[in-house]
Each structure stands twice: as C-alpha cells, then as structure tokens.
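A.B. asks: Sharing target_25.txt, compact mmCIF, C-alpha atoms:
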# COMPACT_ATOMS: atom_id res chain seq x y z
CA MET A 21 45.24 -16.58 -9.70
CA THR A 22 42.56 -14.20 -8.44
CA THR A 23 41.56 -14.60 -4.80
CA VAL A 24 38.28 -13.55 -3.24
CA PRO A 25 38.79 -10.75 -0.68
CA ASP A 26 38.08 -11.75 2.90
CA VAL A 27 35.18 -9.63 4.12
CA CYS A 28 36.10 -10.48 7.72
CA ASN A 29 39.51 -8.85 7.26
CA GLY A 30 37.83 -5.68 6.03
CA PHE A 31 35.46 -5.72 8.98
CA GLN A 32 38.37 -6.16 11.40
CA PHE A 33 40.21 -3.25 9.78
CA ALA A 34 37.11 -1.08 10.27
CA GLN A 35 36.82 -2.16 13.90
CA ASP A 36 40.45 -1.23 14.56
CA PHE A 37 40.38 1.99 12.56
CA LYS A 38 41.49 5.15 14.39
CA ALA A 39 40.00 8.37 13.08
CA LEU A 40 41.91 11.65 13.07
CA PRO A 41 40.92 14.20 15.73
CA ARG A 42 37.87 16.15 14.63
CA ALA A 43 38.80 19.54 13.21
CA LYS A 44 36.73 22.68 13.58
CA SER A 45 34.67 23.41 10.49
CA ASP A 46 32.83 26.45 9.19
CA LEU A 47 29.33 25.37 8.22
CA SER A 48 28.12 28.89 7.46
CA CYS A 49 28.30 28.19 3.71
CA ALA A 50 26.66 24.76 3.90
CA PRO A 51 23.56 24.49 1.69
CA ARG A 52 20.19 24.44 3.42
CA ASN A 53 18.73 21.02 4.09
CA VAL A 54 15.06 21.80 3.68
CA ILE A 55 13.80 18.32 4.54
CA TRP A 56 15.83 18.34 7.77
CA GLU A 57 14.36 21.71 8.66
CA TYR A 58 10.87 20.34 8.00
CA PHE A 59 11.51 17.40 10.34
CA GLN A 60 12.99 19.60 13.06
CA ASN A 61 10.04 21.98 12.96
CA TYR A 62 7.38 19.28 12.74
CA LYS A 63 5.78 19.11 16.19
CA GLU A 64 2.12 18.16 15.67
CA GLY A 65 0.14 15.92 13.34
CA PRO A 66 0.65 12.38 11.98
CA GLY A 67 3.90 10.95 13.29
CA ILE A 68 7.26 10.80 11.48
CA PHE A 69 9.80 8.27 12.80
CA LYS A 70 13.28 8.53 11.23
CA TRP A 71 16.93 8.28 12.24
CA GLU A 72 18.28 11.83 12.20
CA HIS A 73 21.30 11.03 10.02
CA TYR A 74 18.97 9.93 7.20
CA PHE A 75 18.18 13.55 6.34
CA ASP A 76 21.66 14.31 4.99
CA ILE A 77 21.30 11.20 2.82
CA TYR A 78 17.93 12.38 1.51
CA GLN A 79 19.38 15.79 0.67
CA ARG A 80 22.38 14.30 -1.14
CA HIS A 81 20.42 11.91 -3.34
CA LEU A 82 16.91 13.36 -3.66
CA ALA A 83 17.37 17.14 -3.93
CA LYS A 84 17.57 16.85 -7.72
CA PHE A 85 13.85 16.01 -7.80
CA VAL A 86 12.66 19.07 -5.85
CA GLY A 87 10.21 21.12 -7.88
CA ARG A 88 10.02 18.53 -10.66
CA LYS A 89 7.19 16.21 -11.59
CA VAL A 90 8.09 13.17 -9.49
CA ASP A 91 6.38 9.97 -8.39
CA VAL A 92 7.51 8.78 -4.96
CA LEU A 93 6.80 5.42 -3.36
CA GLU A 94 7.21 4.91 0.38
CA ILE A 95 6.86 1.40 1.75
CA GLY A 96 5.85 1.43 5.40
CA ILE A 97 3.37 4.23 6.12
CA TYR A 98 3.06 3.78 9.91
CA SER A 99 1.39 6.98 11.18
CA GLY A 100 1.41 8.76 7.82
CA GLY A 101 3.54 11.80 8.64
CA SER A 102 6.29 11.03 6.15
CA LEU A 103 3.77 10.97 3.29
CA LYS A 104 3.13 14.64 4.04
CA MET A 105 6.85 15.26 4.42
CA TRP A 106 7.69 13.95 0.94
CA ARG A 107 4.94 16.02 -0.64
CA SER A 108 6.15 19.14 1.17
CA TYR A 109 9.79 18.48 0.22
CA PHE A 110 9.37 17.70 -3.48
CA GLY A 111 6.61 20.22 -4.14
CA GLU A 112 3.26 20.49 -5.88
CA LYS A 113 4.25 18.32 -8.85
CA CYS A 114 4.88 15.34 -6.56
CA HIS A 115 2.55 12.37 -6.24
CA VAL A 116 3.17 10.02 -3.34
CA TYR A 117 2.34 6.34 -3.35
CA GLY A 118 2.27 4.54 -0.03
CA VAL A 119 2.36 0.81 0.67
CA ASP A 120 1.49 -0.74 4.01
CA ILE A 121 0.17 -4.04 5.31
CA GLN A 122 -2.32 -2.31 7.59
CA GLU A 123 -5.71 -1.63 6.02
CA ALA A 124 -6.20 1.40 8.28
CA CYS A 125 -3.49 3.25 6.32
CA LYS A 126 -6.01 3.80 3.52
CA ALA A 127 -7.15 6.75 5.64
CA TYR A 128 -4.10 8.72 4.49
CA GLU A 129 -5.22 8.83 0.86
CA ASP A 130 -6.07 12.14 -0.78
CA GLU A 131 -5.72 13.68 -4.24
CA HIS A 132 -1.91 13.72 -3.91
CA VAL A 133 -1.44 10.39 -2.09
CA THR A 134 -2.44 6.91 -3.28
CA VAL A 135 -2.24 4.03 -0.79
CA PHE A 136 -1.91 0.35 -1.66
CA ILE A 137 -2.48 -2.29 1.01
CA GLY A 138 -0.33 -5.40 0.71
CA ASP A 139 2.66 -7.41 1.86
CA GLN A 140 5.99 -6.24 0.46
CA ALA A 141 7.25 -9.85 0.53
CA ASP A 142 4.41 -10.91 -1.81
CA ARG A 143 5.54 -10.84 -5.46
CA ASN A 144 1.92 -11.06 -6.62
CA PHE A 145 1.19 -7.85 -4.75
CA TRP A 146 4.03 -6.10 -6.59
CA ARG A 147 2.75 -7.36 -9.93
CA THR A 148 -0.61 -5.76 -9.15
CA PHE A 149 1.07 -2.55 -8.00
CA LYS A 150 3.18 -2.30 -11.18
CA SER A 151 0.15 -2.89 -13.38
CA ASN A 152 -1.49 0.16 -11.76
CA VAL A 153 1.53 2.47 -11.43
CA GLN A 154 3.46 3.07 -14.63
CA GLY A 155 6.89 3.87 -13.24
CA ILE A 156 8.39 5.40 -10.11
CA ASP A 157 11.16 7.98 -9.65
CA VAL A 158 11.95 7.51 -5.95
CA VAL A 159 11.48 4.44 -3.77
CA VAL A 160 11.92 4.60 0.00
CA ASP A 161 11.72 1.18 1.64
CA ASP A 162 10.88 1.83 5.29
CA GLY A 163 8.74 -1.31 5.57
CA GLY A 164 9.24 -4.49 7.53
CA HIS A 165 13.06 -4.21 7.64
CA ARG A 166 13.64 -7.97 7.37
CA PRO A 167 16.32 -8.85 4.77
CA GLU A 168 14.02 -11.19 2.85
CA GLN A 169 11.36 -8.44 2.58
CA GLN A 170 13.94 -5.92 1.44
CA GLN A 171 15.39 -8.29 -1.14
CA ILE A 172 12.07 -9.21 -2.72
CA THR A 173 11.05 -5.56 -2.84
CA LEU A 174 14.30 -4.54 -4.52
CA GLU A 175 14.10 -7.37 -7.03
CA GLU A 176 10.55 -6.44 -7.95
CA LEU A 177 10.97 -2.65 -8.11
CA LEU A 178 14.47 -1.90 -9.39
CA GLY A 179 13.41 -2.46 -12.98
CA HIS A 180 10.27 -0.33 -12.43
CA ILE A 181 12.25 2.78 -11.50
CA ARG A 182 12.59 5.33 -14.29
CA PRO A 183 15.97 6.50 -15.65
CA GLY A 184 17.61 8.84 -13.16
CA GLY A 185 15.56 7.37 -10.33
CA VAL A 186 16.74 6.54 -6.82
CA TYR A 187 16.12 3.53 -4.58
CA VAL A 188 16.56 4.06 -0.83
CA CYS A 189 16.40 1.10 1.55
CA GLU A 190 16.31 2.13 5.20
CA ASP A 191 17.03 0.29 8.42
CA VAL A 192 19.59 -2.18 7.08
CA HIS A 193 20.68 -2.99 10.60
CA GLY A 194 23.38 -5.24 11.99
CA VAL A 195 26.82 -6.55 11.12
CA PHE A 196 26.93 -8.92 8.10
CA ASN A 197 23.32 -8.10 7.30
CA ASN A 198 21.97 -10.49 4.66
CA PHE A 199 20.38 -7.76 2.57
CA ALA A 200 23.63 -5.77 2.56
CA GLY A 201 25.39 -8.93 1.44
CA PHE A 202 22.87 -9.34 -1.38
CA VAL A 203 23.49 -5.78 -2.58
CA MET A 204 27.27 -6.35 -2.40
CA GLY A 205 26.67 -8.75 -5.28
CA PHE A 206 25.41 -5.71 -7.21
CA VAL A 207 28.68 -3.93 -6.42
CA HIS A 208 30.68 -6.79 -7.95
CA ALA A 209 28.41 -6.70 -11.02
CA LEU A 210 28.99 -2.95 -11.32
CA ASN A 211 32.77 -3.58 -11.47
CA SER A 212 32.47 -6.14 -14.27
CA CYS A 213 34.96 -5.63 -17.16
CA ASP A 214 34.67 -6.85 -20.75
CA TRP A 215 37.74 -5.43 -22.49
CA VAL A 216 37.67 -4.37 -26.14
CA GLY A 217 40.92 -4.19 -28.12
CA GLY A 218 42.16 -1.02 -29.79
CA PRO A 219 44.25 2.09 -29.16
CA ILE A 220 41.81 3.34 -26.48
CA LEU A 221 41.13 1.37 -23.32
CA ARG A 222 37.49 0.30 -23.53
CA SER A 223 35.11 -2.08 -21.79
CA ARG A 224 31.71 -3.22 -22.99
CA VAL A 225 28.81 -2.25 -20.74
CA THR A 226 26.55 -4.93 -19.30
CA GLN A 227 22.79 -4.39 -19.10
CA PHE A 228 23.16 -3.88 -15.35
CA GLN A 229 25.90 -1.26 -15.81
CA SER A 230 23.82 0.49 -18.46
CA ALA A 231 21.00 0.94 -15.94
CA ILE A 232 22.77 1.43 -12.59
CA HIS A 233 24.82 4.56 -12.05
CA SER A 234 26.03 3.94 -8.50
CA ILE A 235 25.48 2.14 -5.20
CA HIS A 236 26.00 3.86 -1.85
CA PHE A 237 26.31 2.36 1.62
CA TYR A 238 25.59 4.45 4.73
CA PRO A 239 24.93 3.49 8.35
CA TYR A 240 21.61 1.59 8.11
CA VAL A 241 20.89 2.85 4.56
CA ILE A 242 21.64 1.61 1.05
CA VAL A 243 21.03 3.91 -1.94
CA ILE A 244 20.99 2.83 -5.58
CA GLU A 245 20.92 5.45 -8.33
CA LYS A 246 20.02 4.83 -11.97
CA HIS A 247 21.52 6.55 -15.02
CA PHE A 248 19.57 9.35 -16.68
CA GLU A 249 21.29 8.32 -19.92
CA SER A 250 22.68 4.80 -20.32
CA PRO A 251 26.36 4.52 -21.31
CA SER A 252 27.10 2.23 -24.25
CA MET A 253 30.81 1.80 -23.49
CA PHE A 254 33.28 2.64 -20.73
CA THR A 255 36.36 4.32 -22.22
CA ALA A 256 39.68 5.56 -20.83
CA PRO A 257 41.42 7.70 -23.50
CA LYS A 258 44.83 9.27 -22.90
CA HIS A 259 45.12 13.07 -23.14
CA GLY A 260 48.46 14.85 -23.25
CA THR A 261 51.85 14.46 -24.95
CA GLU A 262 54.31 13.80 -22.13
CA TRP A 263 54.45 10.43 -20.43
CA GLN A 264 56.81 8.88 -17.92
CA PRO A 265 59.35 6.51 -19.56
CA PHE A 266 58.56 3.58 -17.30
Please rewrite the model in this file as structure tokens.
C.D. replies:
Amino acid sequence: MTTVPDVCNGFQFAQDFKALPRAKSDLSCAPRNVIWEYFQNYKEGPGIFKWEHYFDIYQRHLAKFVGRKVDVLEIGIYSGGSLKMWRSYFGEKCHVYGVDIQEACKAYEDEHVTVFIGDQADRNFWRTFKSNVQGIDVVVDDGGHRPEQQQITLEELLGHIRPGGVYVCEDVHGVFNNFAGFVMGFVHALNSCDWVGGPILRSRVTQFQSAIHSIHFYPYVIVIEKHFESPSMFTAPKHGTEWQPF
C-alpha cells in the first residue's frame, strides 16, 4: 500500500538539518553575472526593488535568452526600473511587456516596452492580454504576491509560454505557502508513470510532462521551465554487457 509522505516530517528534518562547515572556494573562474552587475551599478533612475539572491536565479535560468529575440512579461512594474533592466540584460532583440494595476505605469511605455493595466487576479484581463500578445518566452511574476493572485496568473499564462520558455514567480513567502503547495501538485504530476511493456523500460508521457521540463524551488522563488522539444516517451535502456548477479 502506498502512503502519502508527511510534509511536516520533511519540514522538521529541514529545521533540524546541520550543514557542514563552509569551505573556502575559489570564485575566480565563476562566470560573470551580467544582470547582477547591472543591479549593483544601478544608482540613479527609476527604482529596482529585488532580493539580492534572485540574481543568481535569473542567471541560471534566463541567460540562454541573452542576445536572442525574446518577449518578456513582468507583472508588477512598481517604479519601472526593472523594465529597463530586462531590456539591458537580454539585448536589442528583447521586447518587454509590463502589467500593473496602477494606471500611472503607462508612463513607462516606449518602442521597446508595452504596458497593460489590469488586475492579475482577473481572468478576463488575461484573456484580453493573450488576445493581444501572441506568446511569451519569459514571465516574471513580481505582482501582488498573494497566493490566489499567483495561482490565477500561473493557470492563465503557463499555456501561453512558448516552448523553451521560463516562468518565474517571485516572493513566495512563508512556511507552507499556499501557492507553493499548489505548485507541489505540479511536481507530483511531473513524476507520473505510465509503464509500457517490452525489453526496454519505458513510460508514456502525459501532456503535462510533454510541455514541462522542470520545476525549481528556491528561497521565495519558484521557476518552471518548458521543453524546447517535447519528449514522446521516457525510456531507460541498458548499456553494457556485465551485470551483477543479484
């Protein structure tokens, strides 16, 4: 009989976890984090308000889009500085879409930035947005931060992200956060197995698995990546001639 893992036990393990002493490391060969450098050097102009540890996450998941034609959507414009940051980071082929509930944010529009005014918890607003924007490569949800807002936004936009695209939801704060719990359902769906008989171990791919490459949890951030090319089957062939007798 299969039992459901107790999330509270996992949380308690994490609370009691003792890390090894920090070792010295040589960071001289670490790749440049251009978006971090931009943030560190940004002293004047429209404000940018981000947790500092987000910039390693951006570099890990978004660097593949630098220099490419890319459409970026940021939800939550605030003072507008991050709209400029994304354009600077991704390059001249980038178009940035911004969404905010404040009408004044229309002032940040220019030839490279398009601003939509609306409530991210309003599904009708997202229907209008999707009818005007034919696909997105990167979504950064830095909006209202409430779990119900984040969930509706993810439900409405995940299918609108192009193959290879990335969804970043920021400020997922607090223990047993409801939005994090919702996305954990995605994790279980990603681990779904539908075995196929035969000499090679195989499992049929669900529609969700064919679209979603991976799901990543960080402090306050959840990242979902989509496949560039959808797998049709998960396979586990054996290679080699010598095998243990047990």
A.B. asks: I'd like to know which of A:Ile77, A:Leu174, A:Val203, A:Cys213 is closest to A:Ile95, using all atoms listed in the file.
C.D. replies: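 With all atoms listed in the file as the atom set, the closest residue is A:Leu174.
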A.B. asks: Which residues of stretch 59-94 of chain A sit at most 10 Å from stretch 176-196 of chain A, using all atoms listed in the file? Give each one's shortest atom pair and distance in Å (one decimal place), in chain and ascending residue order, as JSON lines.
C.D. replies:
{"residue": "A:Lys70", "atom": "CA", "partner": "A:Glu190", "partner_atom": "CA", "distance": 9.3}
{"residue": "A:Trp71", "atom": "CA", "partner": "A:Asp191", "partner_atom": "CA", "distance": 8.9}
{"residue": "A:Tyr74", "atom": "CA", "partner": "A:Glu190", "partner_atom": "CA", "distance": 8.5}
{"residue": "A:Ile77", "atom": "CA", "partner": "A:Val188", "partner_atom": "CA", "distance": 9.3}
{"residue": "A:Tyr78", "atom": "CA", "partner": "A:Val188", "partner_atom": "CA", "distance": 8.8}
{"residue": "A:His81", "atom": "CA", "partner": "A:Val186", "partner_atom": "CA", "distance": 7.4}
{"residue": "A:Leu82", "atom": "CA", "partner": "A:Val186", "partner_atom": "CA", "distance": 7.5}
{"residue": "A:Lys84", "atom": "CA", "partner": "A:Gly184", "partner_atom": "CA", "distance": 9.7}
{"residue": "A:Phe85", "atom": "CA", "partner": "A:Gly185", "partner_atom": "CA", "distance": 9.2}
{"residue": "A:Val90", "atom": "CA", "partner": "A:Gly185", "partner_atom": "CA", "distance": 9.5}
{"residue": "A:Asp91", "atom": "CA", "partner": "A:Gly185", "partner_atom": "CA", "distance": 9.7}
{"residue": "A:Val92", "atom": "CA", "partner": "A:Val186", "partner_atom": "CA", "distance": 9.7}
{"residue": "A:Leu93", "atom": "CA", "partner": "A:Tyr187", "partner_atom": "CA", "distance": 9.6}
{"residue": "A:Glu94", "atom": "CA", "partner": "A:Val188", "partner_atom": "CA", "distance": 9.5}
A.B. asks: Would you please work out which residue, of A:Asp142, A:Asp157, A:Glu123, A:Asp76, is nearest to A:Arg88 when using all atoms listed in the file?
C.D. replies: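 Between A:Asp142, A:Asp157, A:Glu123, A:Asp76, the residue approaching A:Arg88 most closely is A:Asp157.
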A.B. asks: Nearest to A:Asp120: which of A:Phe136, A:Phe69, A:Trp215, A:Tyr238 is it, counting all atoms listed in the file?
C.D. replies: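 Selected residue with least distance to A:Asp120: A:Phe136.
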A.B. asks: Report, in Å to a single decimal, how far apart atom CA of A:Gly67 and atom CA of A:Tyr98 are.
C.D. replies: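 Atom-to-atom, atom CA of A:Tyr98 and atom CA of A:Gly67 are spaced 8.0 Å apart.
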A.B. asks: Please compute the atom CA of A:Ser223-atom CA of A:Val207 distance, one decimal, in Å.
C.D. replies: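 One can read the atom CA of A:Ser223 to atom CA of A:Val207 distance as 16.8 Å.
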A.B. asks: Could stretch 204-224 of chain A be completed with N, CA and C atoms and returned as a PDB file, keeping the file's coordinate frame?
C.D. replies:
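Saved to part.pdb:
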ATOM      1  N   MET A 204      25.846  -6.297  -2.065  1.00  0.00           N
ATOM      2  CA  MET A 204      27.270  -6.350  -2.400  1.00  0.00           C
ATOM      3  C   MET A 204      27.485  -7.133  -3.694  1.00  0.00           C
ATOM      4  N   GLY A 205      26.607  -8.084  -3.987  1.00  0.00           N
ATOM      5  CA  GLY A 205      26.670  -8.750  -5.280  1.00  0.00           C
ATOM      6  C   GLY A 205      26.453  -7.774  -6.416  1.00  0.00           C
ATOM      7  N   PHE A 206      25.604  -6.765  -6.209  1.00  0.00           N
ATOM      8  CA  PHE A 206      25.410  -5.710  -7.210  1.00  0.00           C
ATOM      9  C   PHE A 206      26.704  -4.936  -7.421  1.00  0.00           C
ATOM     10  N   VAL A 207      27.422  -4.680  -6.322  1.00  0.00           N
ATOM     11  CA  VAL A 207      28.680  -3.930  -6.420  1.00  0.00           C
ATOM     12  C   VAL A 207      29.662  -4.687  -7.308  1.00  0.00           C
ATOM     13  N   HIS A 208      29.770  -5.993  -7.111  1.00  0.00           N
ATOM     14  CA  HIS A 208      30.680  -6.790  -7.950  1.00  0.00           C
ATOM     15  C   HIS A 208      30.240  -6.734  -9.411  1.00  0.00           C
ATOM     16  N   ALA A 209      28.923  -6.779  -9.650  1.00  0.00           N
ATOM     17  CA  ALA A 209      28.410  -6.700 -11.020  1.00  0.00           C
ATOM     18  C   ALA A 209      28.719  -5.334 -11.642  1.00  0.00           C
ATOM     19  N   LEU A 210      28.697  -4.293 -10.826  1.00  0.00           N
ATOM     20  CA  LEU A 210      28.990  -2.950 -11.320  1.00  0.00           C
ATOM     21  C   LEU A 210      30.443  -2.826 -11.759  1.00  0.00           C
ATOM     22  N   ASN A 211      31.339  -3.624 -11.147  1.00  0.00           N
ATOM     23  CA  ASN A 211      32.770  -3.580 -11.470  1.00  0.00           C
ATOM     24  C   ASN A 211      33.157  -4.550 -12.575  1.00  0.00           C
ATOM     25  N   SER A 212      32.188  -5.181 -13.204  1.00  0.00           N
ATOM     26  CA  SER A 212      32.470  -6.140 -14.270  1.00  0.00           C
ATOM     27  C   SER A 212      33.199  -5.461 -15.435  1.00  0.00           C
ATOM     28  N   CYS A 213      34.191  -6.153 -16.029  1.00  0.00           N
ATOM     29  CA  CYS A 213      34.960  -5.630 -17.160  1.00  0.00           C
ATOM     30  C   CYS A 213      34.884  -6.607 -18.333  1.00  0.00           C
ATOM     31  N   ASP A 214      34.668  -6.062 -19.508  1.00  0.00           N
ATOM     32  CA  ASP A 214      34.670  -6.850 -20.750  1.00  0.00           C
ATOM     33  C   ASP A 214      35.489  -6.066 -21.763  1.00  0.00           C
ATOM     34  N   TRP A 215      36.810  -6.274 -21.745  1.00  0.00           N
ATOM     35  CA  TRP A 215      37.740  -5.430 -22.490  1.00  0.00           C
ATOM     36  C   TRP A 215      37.552  -5.556 -23.990  1.00  0.00           C
ATOM     37  N   VAL A 216      37.712  -4.424 -24.679  1.00  0.00           N
ATOM     38  CA  VAL A 216      37.670  -4.370 -26.140  1.00  0.00           C
ATOM     39  C   VAL A 216      39.034  -3.881 -26.611  1.00  0.00           C
ATOM     40  N   GLY A 217      39.606  -4.570 -27.610  1.00  0.00           N
ATOM     41  CA  GLY A 217      40.920  -4.190 -28.120  1.00  0.00           C
ATOM     42  C   GLY A 217      40.878  -2.877 -28.871  1.00  0.00           C
ATOM     43  N   GLY A 218      42.077  -2.265 -29.047  1.00  0.00           N
ATOM     44  CA  GLY A 218      42.160  -1.020 -29.790  1.00  0.00           C
ATOM     45  C   GLY A 218      43.097  -0.040 -29.111  1.00  0.00           C
ATOM     46  N   PRO A 219      43.308   1.111 -29.727  1.00  0.00           N
ATOM     47  CA  PRO A 219      44.250   2.090 -29.160  1.00  0.00           C
ATOM     48  C   PRO A 219      43.728   2.764 -27.890  1.00  0.00           C
ATOM     49  N   ILE A 220      42.412   2.750 -27.679  1.00  0.00           N
ATOM     50  CA  ILE A 220      41.810   3.340 -26.480  1.00  0.00           C
ATOM     51  C   ILE A 220      41.334   2.220 -25.565  1.00  0.00           C
ATOM     52  N   LEU A 221      41.605   2.354 -24.286  1.00  0.00           N
ATOM     53  CA  LEU A 221      41.130   1.370 -23.320  1.00  0.00           C
ATOM     54  C   LEU A 221      39.611   1.446 -23.232  1.00  0.00           C
ATOM     55  N   ARG A 222      38.954   0.322 -23.513  1.00  0.00           N
ATOM     56  CA  ARG A 222      37.490   0.300 -23.530  1.00  0.00           C
ATOM     57  C   ARG A 222      36.975  -0.983 -22.904  1.00  0.00           C
ATOM     58  N   SER A 223      35.783  -0.907 -22.333  1.00  0.00           N
ATOM     59  CA  SER A 223      35.110  -2.080 -21.790  1.00  0.00           C
ATOM     60  C   SER A 223      33.641  -2.020 -22.173  1.00  0.00           C
ATOM     61  N   ARG A 224      33.133  -3.147 -22.662  1.00  0.00           N
ATOM     62  CA  ARG A 224      31.710  -3.220 -22.990  1.00  0.00           C
ATOM     63  C   ARG A 224      30.878  -3.074 -21.709  1.00  0.00           C
TER      64      ARG A 224
END
